[in-house]
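Asker: Input data_20.cif, format and content: mmCIF, C-alpha atoms and all ligand atoms.
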data_run
#
loop_
_atom_site.group_PDB
_atom_site.id
_atom_site.type_symbol
_atom_site.label_atom_id
_atom_site.label_comp_id
_atom_site.auth_asym_id
_atom_site.auth_seq_id
_atom_site.Cartn_x
_atom_site.Cartn_y
_atom_site.Cartn_z
ATOM 1 C CA MET W 1 -8.135 6.043 -26.373
ATOM 2 C CA GLY W 2 -9.072 8.390 -23.487
ATOM 3 C CA TRP W 3 -11.622 7.640 -20.782
ATOM 4 C CA ARG W 4 -15.094 8.871 -21.783
ATOM 5 C CA ARG W 5 -17.359 7.000 -19.356
ATOM 6 C CA ARG W 6 -19.464 8.853 -16.813
ATOM 7 C CA HIS W 7 -20.359 5.588 -15.060
ATOM 8 C CA LEU W 8 -18.408 2.467 -14.140
ATOM 9 C CA LEU W 9 -20.930 -0.377 -14.188
ATOM 10 C CA GLY W 10 -18.711 -3.383 -14.927
ATOM 11 C CA THR W 11 -15.454 -4.569 -16.477
ATOM 12 C CA ARG W 12 -17.267 -6.542 -19.177
ATOM 13 C CA GLU W 13 -17.826 -3.375 -21.177
ATOM 14 C CA LEU W 14 -14.261 -2.029 -20.798
ATOM 15 C CA ALA W 15 -11.727 -2.041 -23.631
ATOM 16 C CA ARG W 16 -8.097 -2.940 -22.911
ATOM 17 C CA GLU W 17 -7.099 0.724 -23.258
ATOM 18 C CA GLU W 18 -9.711 1.792 -20.714
ATOM 19 C CA ILE W 19 -8.489 -0.739 -18.146
ATOM 20 C CA GLU W 20 -4.912 0.389 -18.729
ATOM 21 C CA CYS W 21 -6.018 4.017 -18.368
ATOM 22 C CA VAL W 22 -7.436 3.258 -14.895
ATOM 23 C CA LEU W 23 -4.282 1.364 -13.864
ATOM 24 C CA ASP W 24 -1.958 4.105 -15.160
ATOM 25 C CA THR W 25 -4.021 6.847 -13.489
ATOM 26 C CA ALA W 26 -3.990 4.870 -10.225
ATOM 27 C CA ALA W 27 -0.198 4.571 -10.439
ATOM 28 C CA ASP W 28 0.068 8.373 -10.843
ATOM 29 C CA LEU W 29 -2.234 8.911 -7.859
ATOM 30 C CA MET W 30 -0.600 6.312 -5.590
ATOM 31 C CA PRO W 31 1.657 8.858 -3.783
ATOM 32 C CA PHE W 32 -1.522 10.703 -2.714
ATOM 33 C CA ALA W 33 -3.499 7.560 -1.835
ATOM 34 C CA THR W 34 -1.559 6.464 1.183
ATOM 35 C CA GLY W 35 -2.621 9.106 3.649
ATOM 36 C CA GLY W 36 0.295 11.536 3.471
ATOM 37 C CA ARG W 37 -0.172 15.237 4.135
ATOM 38 C CA GLU W 38 -0.214 16.270 0.493
ATOM 39 C CA ARG W 39 -3.738 16.427 -0.974
ATOM 40 C CA ARG W 40 -5.011 16.581 -4.539
ATOM 41 C CA ARG W 41 -7.739 19.029 -5.495
ATOM 42 C CA ASP W 42 -8.993 17.304 -8.642
ATOM 43 C CA LEU W 43 -12.515 16.880 -7.232
ATOM 44 C CA GLU W 44 -12.739 20.018 -5.121
ATOM 45 C CA GLY W 45 -16.349 21.230 -5.017
ATOM 46 C CA ARG W 46 -17.742 17.795 -5.960
ATOM 47 C CA THR W 47 -19.809 15.588 -3.658
ATOM 48 C CA VAL W 48 -19.719 11.794 -3.641
ATOM 49 C CA ALA W 49 -22.282 9.654 -1.775
ATOM 50 C CA SER W 50 -22.103 5.971 -0.882
ATOM 51 C CA LEU W 51 -25.298 3.956 -1.019
ATOM 52 C CA PHE W 52 -24.470 0.510 0.374
ATOM 53 C CA PHE W 53 -27.379 -1.915 0.714
ATOM 54 C CA GLU W 54 -24.950 -4.709 1.706
ATOM 55 C CA PRO W 55 -22.174 -4.725 4.318
ATOM 56 C CA SER W 56 -18.675 -3.571 3.380
ATOM 57 C CA THR W 57 -15.420 -2.780 5.137
ATOM 58 C CA ARG W 58 -12.845 -2.322 2.371
ATOM 59 C CA THR W 59 -14.861 -0.976 -0.563
ATOM 60 C CA ARG W 60 -16.874 1.614 1.309
ATOM 61 C CA THR W 61 -13.952 2.928 3.367
ATOM 62 C CA SER W 62 -11.613 3.107 0.405
ATOM 63 C CA PHE W 63 -14.151 4.944 -1.768
ATOM 64 C CA ASP W 64 -14.687 7.461 1.040
ATOM 65 C CA LEU W 65 -10.930 7.944 1.468
ATOM 66 C CA ALA W 66 -10.418 8.123 -2.302
ATOM 67 C CA ALA W 67 -12.998 10.904 -2.653
ATOM 68 C CA ARG W 68 -11.578 12.872 0.288
ATOM 69 C CA ARG W 69 -7.992 12.496 -0.935
ATOM 70 C CA LEU W 70 -9.068 14.083 -4.241
ATOM 71 C CA GLY W 71 -10.641 17.017 -2.399
ATOM 72 C CA ALA W 72 -14.305 15.949 -2.719
ATOM 73 C CA THR W 73 -16.949 16.129 -0.013
ATOM 74 C CA VAL W 74 -18.345 12.747 1.062
ATOM 75 C CA ALA W 75 -21.983 12.207 2.007
ATOM 76 C CA GLY W 76 -22.373 8.985 3.949
ATOM 77 C CA PHE W 77 -25.811 7.393 3.740
ATOM 78 C CA ALA W 78 -26.864 4.853 6.357
ATOM 79 C CA VAL W 79 -29.166 2.538 4.403
ATOM 80 C CA ALA W 80 -30.342 0.784 7.576
ATOM 81 C CA HIS W 81 -31.826 4.122 8.702
ATOM 82 C CA GLY W 82 -32.987 5.249 5.245
ATOM 83 C CA SER W 83 -36.465 5.255 3.788
ATOM 84 C CA THR W 84 -36.020 2.117 1.651
ATOM 85 C CA VAL W 85 -36.906 0.222 4.848
ATOM 86 C CA LYS W 86 -40.262 2.097 4.687
ATOM 87 C CA GLY W 87 -40.858 0.927 1.126
ATOM 88 C CA GLU W 88 -39.209 3.673 -0.943
ATOM 89 C CA THR W 89 -37.731 2.328 -4.168
ATOM 90 C CA THR W 90 -33.969 2.356 -4.714
ATOM 91 C CA VAL W 91 -34.412 4.723 -7.659
ATOM 92 C CA ASP W 92 -36.506 7.162 -5.586
ATOM 93 C CA THR W 93 -33.953 7.038 -2.771
ATOM 94 C CA ALA W 94 -31.091 7.708 -5.190
ATOM 95 C CA ARG W 95 -32.969 10.520 -6.977
ATOM 96 C CA ASN W 96 -33.741 12.237 -3.671
ATOM 97 C CA ILE W 97 -30.108 11.997 -2.599
ATOM 98 C CA GLU W 98 -29.046 13.328 -5.985
ATOM 99 C CA ALA W 99 -31.463 16.267 -5.589
ATOM 100 C CA MET W 100 -29.303 17.466 -2.674
ATOM 101 C CA GLY W 101 -26.500 18.183 -5.143
ATOM 102 C CA LEU W 102 -24.486 15.057 -5.760
ATOM 103 C CA ASP W 103 -21.961 14.405 -8.487
ATOM 104 C CA ALA W 104 -21.399 10.673 -7.965
ATOM 105 C CA ILE W 105 -23.124 7.775 -6.236
ATOM 106 C CA VAL W 106 -21.196 4.649 -5.274
ATOM 107 C CA VAL W 107 -23.714 1.830 -4.952
ATOM 108 C CA ARG W 108 -23.606 -1.738 -3.613
ATOM 109 C CA SER W 109 -26.699 -3.896 -3.872
ATOM 110 C CA ALA W 110 -27.684 -7.548 -3.535
ATOM 111 C CA HIS W 111 -29.610 -7.163 -6.800
ATOM 112 C CA ALA W 112 -27.751 -7.568 -10.099
ATOM 113 C CA GLY W 113 -28.355 -4.602 -12.388
ATOM 114 C CA THR W 114 -29.078 -1.972 -9.703
ATOM 115 C CA PRO W 115 -26.183 0.302 -10.807
ATOM 116 C CA ASP W 116 -27.368 0.115 -14.444
ATOM 117 C CA LEU W 117 -30.898 1.000 -13.345
ATOM 118 C CA LEU W 118 -29.660 4.019 -11.387
ATOM 119 C CA ALA W 119 -27.444 5.127 -14.279
ATOM 120 C CA ARG W 120 -30.563 5.324 -16.468
ATOM 121 C CA HIS W 121 -32.347 7.578 -13.963
ATOM 122 C CA LEU W 122 -29.600 9.855 -12.585
ATOM 123 C CA ARG W 123 -27.470 12.661 -13.933
ATOM 124 C CA ALA W 124 -24.784 11.822 -11.341
ATOM 125 C CA SER W 125 -22.018 9.354 -12.118
ATOM 126 C CA VAL W 126 -22.856 5.857 -10.883
ATOM 127 C CA ILE W 127 -20.022 3.606 -9.708
ATOM 128 C CA ASN W 128 -20.772 -0.060 -9.120
ATOM 129 C CA ALA W 129 -19.360 -1.240 -5.775
ATOM 130 C CA GLY W 130 -20.808 -4.743 -6.236
ATOM 131 C CA ASP W 131 -24.205 -5.880 -7.559
ATOM 132 C CA GLY W 132 -25.387 -9.346 -6.588
ATOM 133 C CA ALA W 133 -23.274 -12.025 -8.247
ATOM 134 C CA ARG W 134 -22.810 -9.912 -11.395
ATOM 135 C CA GLU W 135 -19.883 -7.469 -11.124
ATOM 136 C CA HIS W 136 -17.498 -5.808 -8.682
ATOM 137 C CA PRO W 137 -15.433 -3.827 -11.177
ATOM 138 C CA THR W 138 -13.205 -1.826 -8.827
ATOM 139 C CA GLN W 139 -12.216 -5.033 -6.997
ATOM 140 C CA ALA W 140 -11.057 -6.532 -10.296
ATOM 141 C CA LEU W 141 -9.237 -3.339 -11.256
ATOM 142 C CA LEU W 142 -7.362 -3.239 -7.947
ATOM 143 C CA ASP W 143 -6.560 -6.950 -8.344
ATOM 144 C CA LEU W 144 -5.121 -6.272 -11.808
ATOM 145 C CA TYR W 145 -3.190 -3.304 -10.421
ATOM 146 C CA THR W 146 -1.687 -5.605 -7.774
ATOM 147 C CA MET W 147 -0.795 -8.257 -10.379
ATOM 148 C CA ARG W 148 0.822 -5.645 -12.612
ATOM 149 C CA GLU W 149 2.759 -4.330 -9.611
ATOM 150 C CA SER W 150 3.998 -7.887 -8.916
ATOM 151 C CA PHE W 151 4.765 -9.034 -12.476
ATOM 152 C CA GLY W 152 5.061 -5.882 -14.631
ATOM 153 C CA GLN W 153 2.284 -6.984 -16.993
ATOM 154 C CA ILE W 154 -0.933 -8.988 -17.123
ATOM 155 C CA ALA W 155 -0.627 -10.557 -20.583
ATOM 156 C CA GLY W 156 0.512 -14.176 -20.364
ATOM 157 C CA LEU W 157 -0.108 -14.611 -16.621
ATOM 158 C CA HIS W 158 -1.767 -17.839 -15.456
ATOM 159 C CA VAL W 159 -4.383 -16.842 -12.907
ATOM 160 C CA LEU W 160 -6.003 -19.641 -10.891
ATOM 161 C CA ILE W 161 -9.208 -18.515 -9.155
ATOM 162 C CA VAL W 162 -10.513 -20.942 -6.529
ATOM 163 C CA GLY W 163 -13.778 -20.940 -4.622
ATOM 164 C CA ASP W 164 -17.393 -19.962 -4.842
ATOM 165 C CA ILE W 165 -17.183 -18.882 -8.484
ATOM 166 C CA GLY W 166 -20.834 -19.138 -9.498
ATOM 167 C CA ALA W 167 -21.943 -16.732 -6.754
ATOM 168 C CA SER W 168 -18.947 -14.417 -7.153
ATOM 169 C CA ARG W 169 -19.081 -10.955 -8.697
ATOM 170 C CA VAL W 170 -15.323 -10.724 -8.047
ATOM 171 C CA ALA W 171 -14.705 -13.801 -10.215
ATOM 172 C CA ARG W 172 -16.821 -12.430 -13.072
ATOM 173 C CA SER W 173 -15.251 -8.958 -13.055
ATOM 174 C CA ASN W 174 -11.763 -10.466 -12.857
ATOM 175 C CA LEU W 175 -12.499 -12.898 -15.666
ATOM 176 C CA TRP W 176 -13.653 -10.154 -18.052
ATOM 177 C CA ALA W 177 -10.734 -7.850 -17.242
ATOM 178 C CA LEU W 178 -8.015 -10.525 -17.174
ATOM 179 C CA ARG W 179 -9.105 -12.007 -20.498
ATOM 180 C CA ARG W 180 -9.241 -8.531 -22.035
ATOM 181 C CA LEU W 181 -5.606 -7.962 -21.020
ATOM 182 C CA GLY W 182 -4.439 -11.367 -22.258
ATOM 183 C CA ALA W 183 -4.172 -13.476 -19.092
ATOM 184 C CA GLU W 184 -5.141 -17.161 -18.958
ATOM 185 C CA VAL W 185 -7.811 -17.820 -16.331
ATOM 186 C CA THR W 186 -8.569 -21.178 -14.684
ATOM 187 C CA LEU W 187 -11.568 -21.463 -12.350
ATOM 188 C CA CYS W 188 -11.446 -24.194 -9.716
ATOM 189 C CA GLY W 189 -13.835 -25.565 -7.113
ATOM 190 C CA PRO W 190 -16.490 -28.237 -6.644
ATOM 191 C CA PRO W 191 -18.915 -28.668 -9.570
ATOM 192 C CA THR W 192 -21.743 -27.235 -7.444
ATOM 193 C CA LEU W 193 -19.826 -23.943 -7.126
ATOM 194 C CA VAL W 194 -18.024 -23.773 -10.497
ATOM 195 C CA PRO W 195 -20.398 -24.383 -13.412
ATOM 196 C CA ARG W 196 -19.004 -25.542 -16.763
ATOM 197 C CA SER W 197 -20.867 -22.624 -18.366
ATOM 198 C CA PHE W 198 -17.884 -20.397 -17.476
ATOM 199 C CA GLU W 199 -15.944 -22.093 -20.297
ATOM 200 C CA ALA W 200 -18.088 -20.149 -22.760
ATOM 201 C CA LEU W 201 -16.723 -16.945 -21.167
ATOM 202 C CA GLY W 202 -13.120 -17.897 -21.943
ATOM 203 C CA ALA W 203 -12.033 -19.675 -18.742
ATOM 204 C CA ARG W 204 -10.770 -23.211 -18.109
ATOM 205 C CA VAL W 205 -12.939 -24.970 -15.526
ATOM 206 C CA VAL W 206 -11.384 -27.630 -13.270
ATOM 207 C CA HIS W 207 -12.570 -29.383 -10.134
ATOM 208 C CA ARG W 208 -9.246 -30.488 -8.576
ATOM 209 C CA LEU W 209 -6.855 -27.965 -7.066
ATOM 210 C CA ASP W 210 -3.611 -29.839 -6.508
ATOM 211 C CA PRO W 211 -2.679 -30.532 -10.178
ATOM 212 C CA GLU W 212 -3.135 -26.820 -11.000
ATOM 213 C CA LEU W 213 -0.871 -25.343 -8.331
ATOM 214 C CA PRO W 214 2.527 -25.775 -10.100
ATOM 215 C CA HIS W 215 1.238 -23.807 -13.122
ATOM 216 C CA ALA W 216 -0.197 -20.712 -11.400
ATOM 217 C CA ASP W 217 1.478 -17.305 -11.345
ATOM 218 C CA VAL W 218 -1.429 -15.965 -9.311
ATOM 219 C CA LEU W 219 -3.550 -18.013 -6.923
ATOM 220 C CA MET W 220 -6.708 -16.103 -5.999
ATOM 221 C CA LEU W 221 -8.951 -17.519 -3.280
ATOM 222 C CA LEU W 222 -12.572 -16.455 -3.001
ATOM 223 C CA ARG W 223 -14.832 -16.678 0.016
ATOM 224 C CA ILE W 224 -17.686 -19.155 0.362
ATOM 225 C CA GLN W 225 -20.617 -16.750 0.277
ATOM 226 C CA HIS W 226 -23.024 -18.362 2.718
ATOM 227 C CA GLU W 227 -25.392 -15.405 2.281
ATOM 228 C CA ARG W 228 -25.972 -16.227 -1.418
ATOM 229 C CA HIS W 229 -26.474 -20.001 -1.046
ATOM 230 C CA VAL W 230 -29.288 -22.224 -0.142
ATOM 231 C CA VAL W 231 -27.926 -25.107 1.944
ATOM 232 C CA GLY W 232 -26.314 -28.052 0.184
ATOM 233 C CA ALA W 233 -23.830 -26.494 -2.266
ATOM 234 C CA ILE W 234 -20.966 -28.124 -0.329
ATOM 235 C CA PRO W 235 -21.123 -31.186 1.963
ATOM 236 C CA SER W 236 -19.423 -29.309 4.831
ATOM 237 C CA VAL W 237 -17.040 -26.395 5.339
ATOM 238 C CA ARG W 238 -14.451 -28.821 6.746
ATOM 239 C CA GLU W 239 -14.643 -30.986 3.606
ATOM 240 C CA TYR W 240 -14.363 -27.894 1.383
ATOM 241 C CA ALA W 241 -11.287 -26.701 3.298
ATOM 242 C CA ARG W 242 -9.665 -30.143 2.968
ATOM 243 C CA LEU W 243 -10.063 -30.182 -0.826
ATOM 244 C CA PHE W 244 -9.748 -26.483 -1.755
ATOM 245 C CA GLY W 245 -8.274 -24.637 1.227
ATOM 246 C CA VAL W 246 -4.676 -23.440 0.937
ATOM 247 C CA ASN W 247 -2.290 -24.289 3.774
ATOM 248 C CA ALA W 248 1.521 -24.043 3.846
ATOM 249 C CA GLU W 249 1.917 -27.452 2.196
ATOM 250 C CA ARG W 250 -0.267 -26.496 -0.759
ATOM 251 C CA ALA W 251 1.340 -23.044 -1.006
ATOM 252 C CA ALA W 252 4.753 -24.754 -1.308
ATOM 253 C CA ARG W 253 3.576 -26.454 -4.527
ATOM 254 C CA LEU W 254 3.197 -23.085 -6.276
ATOM 255 C CA PRO W 255 6.071 -21.726 -8.384
ATOM 256 C CA GLN W 256 8.451 -19.659 -6.254
ATOM 257 C CA HIS W 257 7.424 -16.413 -7.943
ATOM 258 C CA ALA W 258 3.669 -16.964 -7.442
ATOM 259 C CA VAL W 259 1.544 -14.647 -5.312
ATOM 260 C CA ILE W 260 -1.530 -15.518 -3.247
ATOM 261 C CA MET W 261 -4.466 -13.119 -3.438
ATOM 262 C CA HIS W 262 -7.797 -12.785 -1.649
ATOM 263 C CA PRO W 263 -10.227 -9.853 -1.963
ATOM 264 C CA GLY W 264 -11.397 -10.201 1.652
ATOM 265 C CA PRO W 265 -13.141 -10.801 3.889
ATOM 266 C CA ILE W 266 -11.258 -14.071 4.526
ATOM 267 C CA ASN W 267 -12.800 -17.080 6.229
ATOM 268 C CA ARG W 268 -9.579 -17.995 8.054
ATOM 269 C CA GLY W 269 -9.029 -21.737 8.141
ATOM 270 C CA VAL W 270 -11.364 -22.248 5.161
ATOM 271 C CA GLU W 271 -9.906 -20.586 2.030
ATOM 272 C CA LEU W 272 -6.525 -19.841 3.656
ATOM 273 C CA THR W 273 -4.820 -20.906 6.856
ATOM 274 C CA PRO W 274 -3.595 -17.941 8.936
ATOM 275 C CA GLU W 275 0.070 -18.704 8.162
ATOM 276 C CA VAL W 276 -0.644 -18.412 4.406
ATOM 277 C CA ALA W 277 -2.991 -15.418 4.711
ATOM 278 C CA ASP W 278 -0.332 -13.546 6.700
ATOM 279 C CA GLY W 279 2.694 -15.007 4.875
ATOM 280 C CA THR W 280 5.190 -13.257 2.620
ATOM 281 C CA ARG W 281 3.475 -14.344 -0.621
ATOM 282 C CA SER W 282 0.092 -13.002 0.439
ATOM 283 C CA THR W 283 -0.945 -9.740 -1.258
ATOM 284 C CA VAL W 284 -4.112 -9.332 0.848
ATOM 285 C CA LEU W 285 -3.195 -6.049 2.540
ATOM 286 C CA ARG W 286 -1.439 -4.720 -0.584
ATOM 287 C CA GLN W 287 -4.703 -5.275 -2.492
ATOM 288 C CA THR W 288 -6.573 -3.252 0.130
ATOM 289 C CA ARG W 289 -3.988 -0.457 -0.005
ATOM 290 C CA ASN W 290 -4.054 -0.385 -3.813
ATOM 291 C CA GLY W 291 -7.843 -0.136 -3.706
ATOM 292 C CA VAL W 292 -7.648 3.476 -2.548
ATOM 293 C CA ALA W 293 -5.538 4.569 -5.543
ATOM 294 C CA VAL W 294 -7.660 2.587 -8.006
ATOM 295 C CA ARG W 295 -10.875 4.104 -6.615
ATOM 296 C CA MET W 296 -9.313 7.572 -6.763
ATOM 297 C CA ALA W 297 -8.594 6.910 -10.445
ATOM 298 C CA VAL W 298 -12.149 5.699 -11.146
ATOM 299 C CA LEU W 299 -13.774 8.685 -9.396
ATOM 300 C CA LYS W 300 -11.466 11.172 -11.119
ATOM 301 C CA LEU W 301 -11.938 9.675 -14.596
ATOM 302 C CA CYS W 302 -15.734 9.305 -14.354
ATOM 303 C CA LEU W 303 -16.301 12.749 -12.835
ATOM 304 C CA GLU W 304 -14.006 14.442 -15.341
ATOM 305 C CA ALA W 305 -15.852 12.645 -18.173
ATOM 306 C CA ARG W 306 -19.168 13.831 -16.692
ATOM 307 C CA ALA W 307 -17.928 17.444 -16.517
ATOM 308 C CA GLY W 308 -16.780 17.150 -20.129
ATOM 309 C CA GLY W 309 -20.358 16.349 -21.145
HETATM 310 N N1 LIG W 401 -13.490 -7.101 -1.152
HETATM 311 C C1 LIG W 401 -14.595 -6.450 -0.735
HETATM 312 O O1 LIG W 401 -15.473 -6.062 -1.527
HETATM 313 O O2 LIG W 401 -14.632 -6.233 0.617
HETATM 314 P P1 LIG W 401 -15.807 -5.498 1.391
HETATM 315 O O3 LIG W 401 -17.029 -6.361 1.291
HETATM 316 O O4 LIG W 401 -15.310 -5.348 2.803
HETATM 317 O O5 LIG W 401 -16.052 -4.167 0.739
#
Would you write out, as structure tokens, the structure that this file holds?

Answerer:
Amino acid sequence: MGWRRRHLLGTRELAREEIECVLDTAADLMPFATGGRERRRDLEGRTVASLFFEPSTRTRTSFDLAARRLGATVAGFAVAHGSTVKGETTVDTARNIEAMGLDAIVVRSAHAGTPDLLARHLRASVINAGDGAREHPTQALLDLYTMRESFGQIAGLHVLIVGDIGASRVARSNLWALRRLGAEVTLCGPPTLVPRSFEALGARVVHRLDPELPHADVLMLLRIQHERHVVGAIPSVREYARLFGVNAERAARLPQHAVIMHPGPINRGVELTPEVADGTRSTVLRQTRNGVAVRMAVLKLCLEARAGG
């Protein structure tokens, strides 16, 4: 099956072959993703804009680099200085930006469903760079790329995701994509952050970390998202770190081959101690590097599908 999607709105809708197509395309593009002199021209003459209504370091920068390294022009849009602060709707903002001759819009929003809404109103490709707690598809795709790089395949891996699962778009996008490719997923954290309802989506749900560590091929830590919580979800950050934070002692209970992942940004000393975050099993910076190639693949596939009608 080839890639036929003009938009990337989530991993939930992706077939196994589509996920593999992104990962294979990213592998082909990797030599051009790392900032060497050689440039691709796949997207020459195309313009890509980023519309980020929430902060970002990794996603925004890597989409910009991905577009440039495929030969596209990038139109940065400073939301803080845009007319949404004067009351313009997101759709009107996006349509006006599109009217200047855009081929793709990369959007991040605090509101779940914003990318889908824009996709219904725009002719440009819409790429979801994170919408509320719903999806962050390119993060999951770069996480799968990193797992495949480490283990050769995804099927059969035991992936233990720990943290603020209920509020996490990264957890949801990873869950859909990992299950589609045949991995086992266990979600771990306090009951206030990891609802049992995730079992209906194909995950195991557990509330104690230590018994799970010896069985994990991949340990993925997720940030406590203070910005999405009312107070009271956890008794204290110190208590959370004591029960669910990973230090060298906990890391030593993992199988020797296991890797430790985090999408960033890290709350150092909460999800991971610095020695684990910066240790040899940590894939944190490799994930960030792989994000450029994966986002190159997504832009190339969606824009080529759009050109193909
Ligand atoms: N992982 C991630 O989405 O990071 P940013 O918020 O910095 O883009």

Asker: List every residue of chain W that has an atom at most 6 Å from any atom of ligand LIG 401 (chain W), and for each one report the closest atom pair and its distance in Å to one decimal, counting only C-alpha atoms and all ligand atoms, with rows sorted by chain and then by increasing residue number, as a Markdown table.

Answerer:
| residue | atom | partner | partner_atom | distance |
| --- | --- | --- | --- | --- |
| W:Ser56 | CA | W:LIG401 | O5 | 3.8 |
| W:Thr57 | CA | W:LIG401 | O4 | 3.5 |
| W:Arg58 | CA | W:LIG401 | O4 | 3.9 |
| W:Thr59 | CA | W:LIG401 | O5 | 3.6 |
| W:Arg60 | CA | W:LIG401 | O5 | 5.9 |
| W:Pro263 | CA | W:LIG401 | N1 | 4.3 |
| W:Gly264 | CA | W:LIG401 | N1 | 4.7 |
| W:Pro265 | CA | W:LIG401 | O2 | 5.8 |

Asker: Counting all atoms listed in the file, figure out which residue out of W:Gln256, W:Thr192, W:Thr34, W:Asn247 gets nearest to Ala216 in chain W.

Answerer: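 Looking at the shortest contact to Ala216 in chain W, the residue is W:Gln256.
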
Asker: Have a look at W:Ala155, W:Leu9, W:Leu141, W:Ala99 and name the one nearest to Ala297 in chain W; count all atoms listed in the file.

Answerer: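 Of all the options, W:Leu141 lies closest to Ala297 in chain W.
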
Asker: Take the PyMOL selection byres (((chain W and resi 223) around 7) and not hetatm), run it mentally on this structure, and tell me the resulting residues as a ChimeraX atom specification.

Answerer: /W:163-164,221-222,224-225,266-267,271

Asker: Quick one: residues within 6 Å of Val126 in chain W, all atoms listed in the file, excluding same-chain residues fewer than 5 positions away - as a list in words?

Answerer: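 These residues fall inside the cut-off: His7, Ala104, Ile105, Val106 and Ala119 of chain W.
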
Asker: Can you sort out range 52-64 of chain W so it carries N, CA and C atoms, written as a compact mmCIF listing (two decimals), in the frame of the given file?

Answerer:
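The resulting part.txt:
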# COMPACT_ATOMS: atom_id res chain seq x y z
N PHE W 52 -24.82 1.93 0.23
CA PHE W 52 -24.47 0.51 0.37
C PHE W 52 -25.63 -0.25 1.02
N PHE W 53 -26.28 -1.10 0.21
CA PHE W 53 -27.38 -1.92 0.71
C PHE W 53 -26.88 -3.27 1.23
N GLU W 54 -25.57 -3.50 1.15
CA GLU W 54 -24.95 -4.71 1.71
C GLU W 54 -23.75 -4.27 2.54
N PRO W 55 -23.31 -5.11 3.48
CA PRO W 55 -22.17 -4.72 4.32
C PRO W 55 -20.88 -4.57 3.51
N SER W 56 -19.99 -3.75 4.02
CA SER W 56 -18.68 -3.57 3.38
C SER W 56 -17.71 -2.96 4.39
N THR W 57 -16.49 -3.44 4.38
CA THR W 57 -15.42 -2.78 5.14
C THR W 57 -14.49 -2.07 4.16
N ARG W 58 -13.87 -2.85 3.25
CA ARG W 58 -12.84 -2.32 2.37
C ARG W 58 -13.39 -1.34 1.32
N THR W 59 -14.42 -1.77 0.59
CA THR W 59 -14.86 -0.98 -0.56
C THR W 59 -15.40 0.38 -0.12
N ARG W 60 -16.26 0.36 0.87
CA ARG W 60 -16.87 1.61 1.31
C ARG W 60 -15.82 2.57 1.88
N THR W 61 -14.96 2.06 2.75
CA THR W 61 -13.95 2.93 3.37
C THR W 61 -13.00 3.48 2.32
N SER W 62 -12.60 2.62 1.38
CA SER W 62 -11.61 3.11 0.40
C SER W 62 -12.23 4.09 -0.58
N PHE W 63 -13.52 3.92 -0.93
CA PHE W 63 -14.15 4.94 -1.77
C PHE W 63 -14.24 6.28 -1.02
N ASP W 64 -14.59 6.23 0.25
CA ASP W 64 -14.69 7.46 1.04
C ASP W 64 -13.33 8.15 1.10
